[in-house]
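Below: work.cif (mmCIF, C-alpha atoms; chains and numbers go by the auth columns)
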data_start
#
loop_
_atom_site.group_PDB
_atom_site.id
_atom_site.type_symbol
_atom_site.label_atom_id
_atom_site.label_comp_id
_atom_site.label_asym_id
_atom_site.label_seq_id
_atom_site.Cartn_x
_atom_site.Cartn_y
_atom_site.Cartn_z
_atom_site.B_iso_or_equiv
_atom_site.auth_seq_id
_atom_site.auth_asym_id
ATOM 1 C CA MET A 1 -20.183 -62.393 56.143 0.00 11 A
ATOM 2 C CA ILE A 2 -21.314 -59.495 58.076 0.00 12 A
ATOM 3 C CA ASP A 3 -20.307 -57.167 55.270 0.00 13 A
ATOM 4 C CA LYS A 4 -22.295 -59.160 52.738 0.00 14 A
ATOM 5 C CA GLU A 5 -25.386 -59.126 54.911 0.00 15 A
ATOM 6 C CA GLN A 6 -25.088 -55.437 55.588 0.00 16 A
ATOM 7 C CA TYR A 7 -24.692 -54.788 51.858 0.00 17 A
ATOM 8 C CA GLN A 8 -27.832 -56.801 51.067 0.00 18 A
ATOM 9 C CA ARG A 9 -29.860 -55.023 53.721 0.00 19 A
ATOM 10 C CA THR A 10 -28.776 -51.607 52.517 0.00 20 A
ATOM 11 C CA PHE A 11 -29.396 -52.101 48.841 0.00 21 A
ATOM 12 C CA GLY A 12 -32.102 -54.726 49.007 0.00 22 A
ATOM 13 C CA VAL A 13 -34.753 -52.100 49.664 0.00 23 A
ATOM 14 C CA LEU A 14 -34.012 -50.270 46.459 0.00 24 A
ATOM 15 C CA HIS A 15 -36.196 -51.237 43.540 0.00 25 A
ATOM 16 C CA ALA A 16 -36.364 -49.866 40.036 0.00 26 A
ATOM 17 C CA SER A 17 -39.721 -48.477 39.042 0.00 27 A
ATOM 18 C CA GLY A 18 -41.832 -50.478 36.658 0.00 28 A
ATOM 19 C CA ASP A 19 -41.900 -47.695 34.089 0.00 29 A
ATOM 20 C CA PHE A 20 -38.127 -47.633 34.008 0.00 30 A
ATOM 21 C CA LEU A 21 -37.907 -51.349 33.495 0.00 31 A
ATOM 22 C CA LYS A 22 -40.498 -51.282 30.687 0.00 32 A
ATOM 23 C CA GLU A 23 -39.049 -48.212 28.888 0.00 33 A
ATOM 24 C CA ASP A 24 -36.981 -49.034 25.868 0.00 34 A
ATOM 25 C CA ILE A 25 -34.036 -46.709 25.852 0.00 35 A
ATOM 26 C CA THR A 26 -32.700 -46.106 22.387 0.00 36 A
ATOM 27 C CA MET A 27 -29.769 -43.852 21.610 0.00 37 A
ATOM 28 C CA GLN A 28 -30.565 -41.073 19.164 0.00 38 A
ATOM 29 C CA PRO A 29 -27.723 -40.237 16.775 0.00 39 A
ATOM 30 C CA ALA A 30 -26.350 -36.736 17.276 0.00 40 A
ATOM 31 C CA LYS A 31 -27.482 -34.167 14.718 0.00 41 A
ATOM 32 C CA ARG A 32 -24.623 -33.440 12.371 0.00 42 A
ATOM 33 C CA PHE A 33 -25.805 -30.128 10.928 0.00 43 A
ATOM 34 C CA SER A 34 -28.337 -27.745 12.302 0.00 44 A
ATOM 35 C CA ALA A 35 -29.561 -24.529 10.724 0.00 45 A
ATOM 36 C CA ARG A 36 -27.585 -22.556 13.289 0.00 46 A
ATOM 37 C CA ARG A 37 -24.356 -24.402 12.502 0.00 47 A
ATOM 38 C CA ILE A 38 -24.865 -23.921 8.760 0.00 48 A
ATOM 39 C CA GLY A 39 -25.428 -20.192 9.314 0.00 49 A
ATOM 40 C CA ILE A 40 -22.257 -19.874 11.394 0.00 50 A
ATOM 41 C CA LEU A 41 -20.288 -21.830 8.789 0.00 51 A
ATOM 42 C CA CYS A 42 -21.539 -19.571 5.957 0.00 52 A
ATOM 43 C CA ALA A 43 -20.681 -16.445 7.935 0.00 53 A
ATOM 44 C CA ALA A 44 -17.160 -17.756 8.601 0.00 54 A
ATOM 45 C CA VAL A 45 -16.608 -18.524 4.904 0.00 55 A
ATOM 46 C CA ILE A 46 -17.801 -15.035 3.903 0.00 56 A
ATOM 47 C CA LEU A 47 -15.532 -13.459 6.518 0.00 57 A
ATOM 48 C CA ILE A 48 -12.506 -15.421 5.312 0.00 58 A
ATOM 49 C CA LEU A 49 -13.176 -14.504 1.672 0.00 59 A
ATOM 50 C CA GLY A 50 -13.601 -10.843 2.636 0.00 60 A
ATOM 51 C CA MET A 51 -10.317 -10.840 4.530 0.00 61 A
ATOM 52 C CA ALA A 52 -8.562 -12.520 1.604 0.00 62 A
ATOM 53 C CA THR A 53 -9.855 -9.810 -0.735 0.00 63 A
ATOM 54 C CA VAL A 54 -8.560 -7.060 1.555 0.00 64 A
ATOM 55 C CA CYS A 55 -5.169 -8.777 1.812 0.00 65 A
ATOM 56 C CA TYR A 56 -5.029 -9.075 -1.977 0.00 66 A
ATOM 57 C CA ALA A 57 -5.792 -5.386 -2.452 0.00 67 A
ATOM 58 C CA ALA A 58 -3.333 -4.292 0.217 0.00 68 A
ATOM 59 C CA ASP A 59 -0.375 -6.581 -0.445 0.00 69 A
ATOM 60 C CA VAL A 60 -0.532 -8.782 -3.474 0.00 70 A
ATOM 61 C CA GLY A 61 -2.714 -6.888 -5.898 0.00 71 A
ATOM 62 C CA GLY A 62 -1.370 -3.452 -5.083 0.00 72 A
ATOM 63 C CA ILE A 63 -3.331 -0.238 -4.937 0.00 73 A
ATOM 64 C CA ARG A 64 -4.907 1.470 -7.934 0.00 74 A
ATOM 65 C CA ARG A 65 -5.590 5.192 -7.671 0.00 75 A
ATOM 66 C CA THR A 66 -6.712 7.952 -9.956 0.00 76 A
ATOM 67 C CA VAL A 67 -4.592 11.003 -9.132 0.00 77 A
ATOM 68 C CA GLN A 68 -4.098 14.559 -10.344 0.00 78 A
ATOM 69 C CA LEU A 69 -0.431 15.291 -11.153 0.00 79 A
ATOM 70 C CA TRP A 70 1.544 18.015 -12.835 0.00 80 A
ATOM 71 C CA ILE A 71 3.263 16.525 -15.890 0.00 81 A
ATOM 72 C CA HIS A 72 5.349 18.915 -18.002 0.00 82 A
ATOM 73 C CA GLY A 73 3.506 21.911 -16.537 0.00 83 A
ATOM 74 C CA ASP A 74 0.021 20.547 -17.237 0.00 84 A
ATOM 75 C CA GLN A 75 -2.307 19.161 -14.583 0.00 85 A
ATOM 76 C CA THR A 76 -3.037 15.616 -15.691 0.00 86 A
ATOM 77 C CA THR A 77 -5.325 12.844 -14.484 0.00 87 A
ATOM 78 C CA ALA A 78 -3.412 9.582 -14.229 0.00 88 A
ATOM 79 C CA VAL A 79 -4.176 6.052 -13.066 0.00 89 A
ATOM 80 C CA MET A 80 -1.474 4.702 -10.778 0.00 90 A
ATOM 81 C CA ASP A 81 -0.876 1.087 -9.775 0.00 91 A
ATOM 82 C CA ILE A 82 1.224 1.011 -6.603 0.00 92 A
ATOM 83 C CA GLN A 83 2.811 -2.178 -5.296 0.00 93 A
ATOM 84 C CA ASN A 84 5.740 -2.702 -2.910 0.00 94 A
ATOM 85 C CA GLY A 85 7.200 0.784 -3.355 0.00 95 A
ATOM 86 C CA GLN A 86 6.883 0.668 -7.167 0.00 96 A
ATOM 87 C CA TYR A 87 4.365 2.420 -9.371 0.00 97 A
ATOM 88 C CA THR A 88 3.122 2.259 -12.933 0.00 98 A
ATOM 89 C CA MET A 89 1.272 5.324 -14.175 0.00 99 A
ATOM 90 C CA THR A 90 -0.921 5.617 -17.266 0.00 100 A
ATOM 91 C CA TYR A 91 -2.145 8.993 -18.587 0.00 101 A
ATOM 92 C CA GLU A 92 -2.986 10.870 -21.772 0.00 102 A
ATOM 93 C CA ASP A 93 -0.543 13.531 -22.960 0.00 103 A
ATOM 94 C CA ALA A 94 -1.503 16.902 -24.489 0.00 104 A
ATOM 95 C CA GLU A 95 -1.868 15.299 -27.955 0.00 105 A
ATOM 96 C CA GLY A 96 -4.262 12.627 -26.617 0.00 106 A
ATOM 97 C CA HIS A 97 -1.760 9.756 -26.784 0.00 107 A
ATOM 98 C CA THR A 98 -1.727 7.238 -23.948 0.00 108 A
ATOM 99 C CA GLN A 99 1.571 7.373 -22.068 0.00 109 A
ATOM 100 C CA GLN A 100 2.899 5.024 -19.435 0.00 110 A
ATOM 101 C CA ARG A 101 5.799 5.371 -17.059 0.00 111 A
ATOM 102 C CA GLY A 102 6.866 3.866 -13.808 0.00 112 A
ATOM 103 C CA GLY A 103 9.383 4.017 -11.041 0.00 113 A
ATOM 104 C CA GLY A 104 9.790 3.608 -7.359 0.00 114 A
ATOM 105 C CA GLY A 105 12.419 2.956 -4.780 0.00 115 A
ATOM 106 C CA VAL A 106 13.270 2.370 -1.185 0.00 116 A
ATOM 107 C CA ALA A 107 13.848 4.540 1.855 0.00 117 A
ATOM 108 C CA ILE A 108 16.545 3.944 4.444 0.00 118 A
ATOM 109 C CA ASN A 109 15.281 3.621 8.024 0.00 119 A
ATOM 110 C CA PRO A 110 17.262 5.115 10.938 0.00 120 A
ATOM 111 C CA ASP A 111 18.553 1.623 11.789 0.00 121 A
ATOM 112 C CA GLY A 112 19.982 1.246 8.259 0.00 122 A
ATOM 113 C CA SER A 113 17.341 -1.181 6.966 0.00 123 A
ATOM 114 C CA GLU A 114 15.489 -0.566 3.715 0.00 124 A
ATOM 115 C CA ARG A 115 11.737 -0.324 3.228 0.00 125 A
ATOM 116 C CA PRO A 116 9.607 0.259 0.123 0.00 126 A
ATOM 117 C CA LEU A 117 8.462 3.846 -0.456 0.00 127 A
ATOM 118 C CA THR A 118 4.956 4.614 0.760 0.00 128 A
ATOM 119 C CA GLU A 119 2.189 5.887 -1.502 0.00 129 A
ATOM 120 C CA GLN A 120 2.619 9.405 -0.064 0.00 130 A
ATOM 121 C CA GLU A 121 6.379 9.356 -0.719 0.00 131 A
ATOM 122 C CA LEU A 122 5.806 8.230 -4.314 0.00 132 A
ATOM 123 C CA LEU A 123 3.296 11.063 -4.890 0.00 133 A
ATOM 124 C CA GLU A 124 5.730 13.614 -3.403 0.00 134 A
ATOM 125 C CA HIS A 125 8.394 12.335 -5.781 0.00 135 A
ATOM 126 C CA LEU A 126 6.042 12.637 -8.760 0.00 136 A
ATOM 127 C CA ASN A 127 5.172 16.231 -7.796 0.00 137 A
ATOM 128 C CA SER A 128 8.843 17.209 -7.464 0.00 138 A
ATOM 129 C CA PRO A 129 10.639 19.136 -10.236 0.00 139 A
ATOM 130 C CA GLU A 130 11.508 17.290 -13.419 0.00 140 A
ATOM 131 C CA VAL A 131 14.376 18.134 -15.772 0.00 141 A
ATOM 132 C CA ALA A 132 13.887 17.287 -19.459 0.00 142 A
ATOM 133 C CA TYR A 133 16.431 17.356 -22.290 0.00 143 A
ATOM 134 C CA LYS A 134 14.701 18.063 -25.609 0.00 144 A
ATOM 135 C CA GLU A 135 15.786 16.858 -29.083 0.00 145 A
ATOM 136 C CA ASP A 136 16.571 20.448 -30.122 0.00 146 A
ATOM 137 C CA GLY A 137 19.245 20.643 -27.375 0.00 147 A
ATOM 138 C CA SER A 138 17.215 22.763 -24.968 0.00 148 A
ATOM 139 C CA VAL A 139 16.905 21.911 -21.292 0.00 149 A
ATOM 140 C CA TRP A 140 13.639 22.463 -19.452 0.00 150 A
ATOM 141 C CA ILE A 141 12.593 22.211 -15.824 0.00 151 A
ATOM 142 C CA TYR A 142 8.983 21.500 -14.899 0.00 152 A
ATOM 143 C CA TYR A 143 7.484 22.102 -11.477 0.00 153 A
ATOM 144 C CA MET A 144 3.743 22.105 -10.753 0.00 154 A
ATOM 145 C CA ASP A 145 2.225 24.507 -13.313 0.00 155 A
ATOM 146 C CA GLN A 146 5.601 25.987 -14.285 0.00 156 A
ATOM 147 C CA ALA A 147 7.728 25.183 -17.322 0.00 157 A
ATOM 148 C CA MET A 148 11.031 27.026 -17.624 0.00 158 A
ATOM 149 C CA GLU A 149 13.837 26.707 -20.168 0.00 159 A
ATOM 150 C CA ILE A 150 17.187 26.629 -18.339 0.00 160 A
ATOM 151 C CA THR A 151 19.513 25.959 -21.304 0.00 161 A
ATOM 152 C CA ASP A 152 21.351 29.281 -20.986 0.00 162 A
ATOM 153 C CA LEU A 153 21.585 29.166 -17.160 0.00 163 A
ATOM 154 C CA PHE A 154 24.374 26.548 -16.971 0.00 164 A
ATOM 155 C CA ASN A 155 27.756 27.910 -15.849 0.00 165 A
ATOM 156 C CA ALA A 156 31.240 26.887 -17.090 0.00 166 A
ATOM 157 C CA GLU A 157 31.144 23.733 -14.910 0.00 167 A
ATOM 158 C CA ASN A 158 27.781 22.749 -16.486 0.00 168 A
ATOM 159 C CA ILE A 159 25.903 23.469 -13.248 0.00 169 A
ATOM 160 C CA CYS A 160 22.617 25.387 -13.086 0.00 170 A
ATOM 161 C CA PHE A 161 21.021 26.923 -9.970 0.00 171 A
ATOM 162 C CA VAL A 162 17.270 27.656 -10.169 0.00 172 A
ATOM 163 C CA GLN A 163 14.730 28.950 -7.648 0.00 173 A
ATOM 164 C CA LEU A 164 11.167 27.712 -8.107 0.00 174 A
ATOM 165 C CA LYS A 165 8.185 29.149 -6.250 0.00 175 A
ATOM 166 C CA ASN A 166 4.933 27.445 -5.332 0.00 176 A
ATOM 167 C CA GLY A 167 2.838 29.943 -3.381 0.00 177 A
ATOM 168 C CA ASP A 168 4.880 30.998 -0.348 0.00 178 A
ATOM 169 C CA GLU A 169 7.258 28.052 -0.723 0.00 179 A
ATOM 170 C CA THR A 170 10.608 28.473 -2.466 0.00 180 A
ATOM 171 C CA LEU A 171 12.364 25.405 -3.819 0.00 181 A
ATOM 172 C CA TYR A 172 16.111 25.579 -4.575 0.00 182 A
ATOM 173 C CA VAL A 173 17.232 23.313 -7.431 0.00 183 A
ATOM 174 C CA THR A 174 20.779 22.464 -8.526 0.00 184 A
ATOM 175 C CA VAL A 175 21.072 20.728 -11.922 0.00 185 A
ATOM 176 C CA LYS A 176 24.160 19.033 -13.383 0.00 186 A
ATOM 177 C CA TYR A 177 23.979 19.082 -17.194 0.00 187 A
ATOM 178 C CA GLN A 178 23.098 15.588 -18.502 0.00 188 A
ATOM 179 C CA GLY A 179 23.315 14.332 -14.912 0.00 189 A
ATOM 180 C CA ALA A 180 21.486 14.373 -11.626 0.00 190 A
ATOM 181 C CA TYR A 181 19.688 17.204 -9.892 0.00 191 A
ATOM 182 C CA ALA A 182 18.839 17.882 -6.263 0.00 192 A
ATOM 183 C CA THR A 183 16.300 20.063 -4.456 0.00 193 A
ATOM 184 C CA SER A 184 16.093 21.712 -1.052 0.00 194 A
ATOM 185 C CA LEU A 185 13.698 24.049 0.766 0.00 195 A
ATOM 186 C CA ASN A 186 16.583 25.836 2.546 0.00 196 A
ATOM 187 C CA ALA A 187 19.463 26.517 0.123 0.00 197 A
ATOM 188 C CA PHE A 188 20.959 25.348 -3.152 0.00 198 A
ATOM 189 C CA PRO A 189 22.348 21.800 -2.808 0.00 199 A
ATOM 190 C CA GLN A 190 26.057 21.756 -3.578 0.00 200 A
ATOM 191 C CA PRO A 191 26.908 19.761 -6.727 0.00 201 A
ATOM 192 C CA GLU A 192 29.658 17.744 -5.004 0.00 202 A
ATOM 193 C CA ASN A 193 27.084 16.370 -2.502 0.00 203 A
ATOM 194 C CA PHE A 194 25.095 14.377 -5.081 0.00 204 A
ATOM 195 C CA ASN A 195 25.725 12.346 -8.240 0.00 205 A
#

Starting from the coordinates I provided, produce the structure as structure tokens.
Amino acid sequence: MIDKEQYQRTFGVLHASGDFLKEDITMQPAKRFSARRIGILCAAVILILGMATVCYAADVGGIRRTVQLWIHGDQTTAVMDIQNGQYTMTYEDAEGHTQQRGGGGVAINPDGSERPLTEQELLEHLNSPEVAYKEDGSVWIYYMDQAMEITDLFNAENICFVQLKNGDETLYVTVKYQGAYATSLNAFPQPENFN
């Protein structure tokens, strides 16, 4: 019993204070919401909604731009909706009628994979030459502020070679009658190299 006696001697001198014994200890429930927590919660909700709006504009909703383009030799203001490499463009023609057209495509990466065209690539395409076949049988080519009839420039194989200038830049265009056309900054594209 030596251990029991030693235990009693050691702890027998300890006494709880009277105030401690008389104090009624009650547990306070934890505060569920404080002003600080509500403020942080509101800020987080606003941040999430803001990020969702940006994601919608960038990916899902597309991009809407007002751009200046050359259409049939006239500088025209158009509204473009761009989404996933595709565009829809709305503009007023010279007679004041609302016109709409669209297009788009993909580019081939060096590894052979496809990706949607970027906004810049779509705008470059829209500012490239355009060949138009009129109801009267004439053929026209439009580039920037230029409009040129090329009906009489087709050779016996129904191929036309045209040089277009934009400032110091010369653009070489090869047109297949009622078919495709190709452009280059260096030399005339050969008709057998494109469809």

**Message:** For a quick check of your reading of the model, name the residues lying within 10 Å of the coordinate (7.7, 7.3, -11.1), counting all atoms listed in the file, and write them as number ranges by chain.
**Reply:** A: 90, 96-99, 110-115, 132-133, 135-137

**Near-Pro139 (chain A) list (8 Å; all atoms listed in the file; drop same-chain fewer than 6 positions) as a ChimeraX atom specification** = /A:151-154

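Picked out by the PyMOL selection byres ((chain A and resi 188-203) around 10) when it runs on this file: Ser138, Pro139, Glu140, Val141, Ala142, Tyr143, Val149, Asn168, Ile169, Cys170, Phe171, Val172, Gln173, Leu174, Glu179, Thr180, Leu181, Tyr182, Val183, Thr184, Val185, Lys186, Tyr187, Phe204 and Asn205 of chain A.
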
**Message:** For a cutoff of 12 Å around the file-coordinate point (2.1, 19.1, -20.1), which residues qualify once you count only C-alpha atoms? I'd like the result as a PyMOL selection string.
**Reply:** chain A and resi 79-87+101-106+109+140+142+151-157

**Request:** Measure the distance from CA of Ser44 (chain A) to CA of Gly60 (chain A) in Å and round it to one decimal.
**Result:** 24.4 Å

Return region 76-93 of chain A, completed with N, CA, C and O atoms, as a CSV table (one decimal), in the frame of the given file.
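The file below, result29.csv, is the result:
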chain,number,residue,atom,x,y,z
A,76,THR,N,-6.7,6.9,-9.0
A,76,THR,CA,-6.7,8.0,-10.0
A,76,THR,C,-6.3,9.2,-9.3
A,76,THR,O,-6.8,9.6,-8.2
A,77,VAL,N,-5.2,9.8,-9.8
A,77,VAL,CA,-4.6,11.0,-9.1
A,77,VAL,C,-4.5,12.2,-10.1
A,77,VAL,O,-4.4,12.0,-11.3
A,78,GLN,N,-4.4,13.4,-9.6
A,78,GLN,CA,-4.1,14.6,-10.3
A,78,GLN,C,-2.6,14.9,-10.1
A,78,GLN,O,-2.2,15.1,-9.0
A,79,LEU,N,-1.9,15.0,-11.2
A,79,LEU,CA,-0.4,15.3,-11.2
A,79,LEU,C,-0.1,16.4,-12.2
A,79,LEU,O,-0.8,16.6,-13.1
A,80,TRP,N,1.0,17.0,-11.9
A,80,TRP,CA,1.5,18.0,-12.8
A,80,TRP,C,2.6,17.3,-13.7
A,80,TRP,O,3.6,16.8,-13.2
A,81,ILE,N,2.3,17.2,-15.0
A,81,ILE,CA,3.3,16.5,-15.9
A,81,ILE,C,3.6,17.5,-17.0
A,81,ILE,O,2.7,18.0,-17.7
A,82,HIS,N,4.9,17.9,-17.0
A,82,HIS,CA,5.3,18.9,-18.0
A,82,HIS,C,4.5,20.2,-17.9
A,82,HIS,O,4.2,20.8,-19.0
A,83,GLY,N,4.2,20.6,-16.7
A,83,GLY,CA,3.5,21.9,-16.5
A,83,GLY,C,2.0,21.9,-16.7
A,83,GLY,O,1.3,22.9,-16.6
A,84,ASP,N,1.5,20.7,-17.1
A,84,ASP,CA,0.0,20.5,-17.2
A,84,ASP,C,-0.5,19.6,-16.1
A,84,ASP,O,0.0,18.6,-15.9
A,85,GLN,N,-1.7,20.0,-15.6
A,85,GLN,CA,-2.3,19.2,-14.6
A,85,GLN,C,-3.0,18.0,-15.3
A,85,GLN,O,-3.8,18.2,-16.3
A,86,THR,N,-2.6,16.8,-15.0
A,86,THR,CA,-3.0,15.6,-15.7
A,86,THR,C,-3.7,14.6,-14.7
A,86,THR,O,-3.2,14.4,-13.6
A,87,THR,N,-4.7,13.9,-15.2
A,87,THR,CA,-5.3,12.8,-14.5
A,87,THR,C,-4.6,11.6,-14.9
A,87,THR,O,-4.5,11.3,-16.1
A,88,ALA,N,-4.1,10.8,-13.9
A,88,ALA,CA,-3.4,9.6,-14.2
A,88,ALA,C,-3.9,8.5,-13.4
A,88,ALA,O,-4.5,8.7,-12.3
A,89,VAL,N,-3.8,7.2,-13.8
A,89,VAL,CA,-4.2,6.1,-13.1
A,89,VAL,C,-2.9,5.4,-12.6
A,89,VAL,O,-2.0,5.1,-13.5
A,90,MET,N,-2.7,5.3,-11.3
A,90,MET,CA,-1.5,4.7,-10.8
A,90,MET,C,-1.7,3.3,-10.1
A,90,MET,O,-2.7,3.2,-9.4
A,91,ASP,N,-0.9,2.4,-10.5
A,91,ASP,CA,-0.9,1.1,-9.8
A,91,ASP,C,0.4,1.1,-8.9
A,91,ASP,O,1.5,1.2,-9.4
A,92,ILE,N,0.1,0.9,-7.6
A,92,ILE,CA,1.2,1.0,-6.6
A,92,ILE,C,1.3,-0.4,-5.9
A,92,ILE,O,0.4,-0.9,-5.4
A,93,GLN,N,2.6,-0.9,-5.9
A,93,GLN,CA,2.8,-2.2,-5.3
A,93,GLN,C,4.3,-2.3,-4.8
A,93,GLN,O,5.2,-2.1,-5.6
